[in-house]
Amino acid sequence: LAVGRWIILLSVLLLVPVGHYGAVLVHGRDYLSWPVSKPTLPPGSAATLSDADLGLRAHALLRQRCFECHGTRKHKGGLRLDSLEAAMRGGEEGPAIVPFHADLSLAIERVALPEDDEDAMPAKGDPLTAEEQELLRRWITQGAPWSAAP
């Protein structure tokens, strides 16, 4: 009878951390936190760009801020962002870009993290401005049309 009680106690003690770890794997590290409000855009920003300009600006932003660590030469975290197919395939943590679904895209999640968070992107240099974040969000919501400048 004493062995049965120890098994029940051990099961209960393991249930909480294992359940929490499983939820983190499925829902992400911040699944218990409150939603963060979206930054507001200044007038005349990404919201007024045409689809073609949006693709060009988004690709230029990725090239300028992301390709150093996630381009053809380096693949930090197993992630490449130098082609839409590679970004959709993702890296060790999952897909960086999910066309038409910015809220499911890790790229949006990572650029919105506080600068002192170890997972915040870009890891080098200044964080993206609210306008740059909204540009990426709108680009992904529009289907992430890939428009590389010539």
# chains A, B, ... in the order shown; residues from 1 in each chain; ligands from 1

$ residues_around --residues "Ala112 in chain A" --least-positions-apart "5" --cutoff "12 Å" --atoms "only C-alpha atoms" --output "PyMOL selection string"
chain A and resi 35-39+102-103+105-107+117+119-122+127-134+136-137

$ residues_around --residues "range 57-71 of chain A" --least-positions-apart "6" --cutoff "10 Å" --atoms "only C-alpha atoms" --output "ChimeraX atom specification"
/A:46,49,51,77-84,86-87,91,121-128,132-133,135-140,144-149
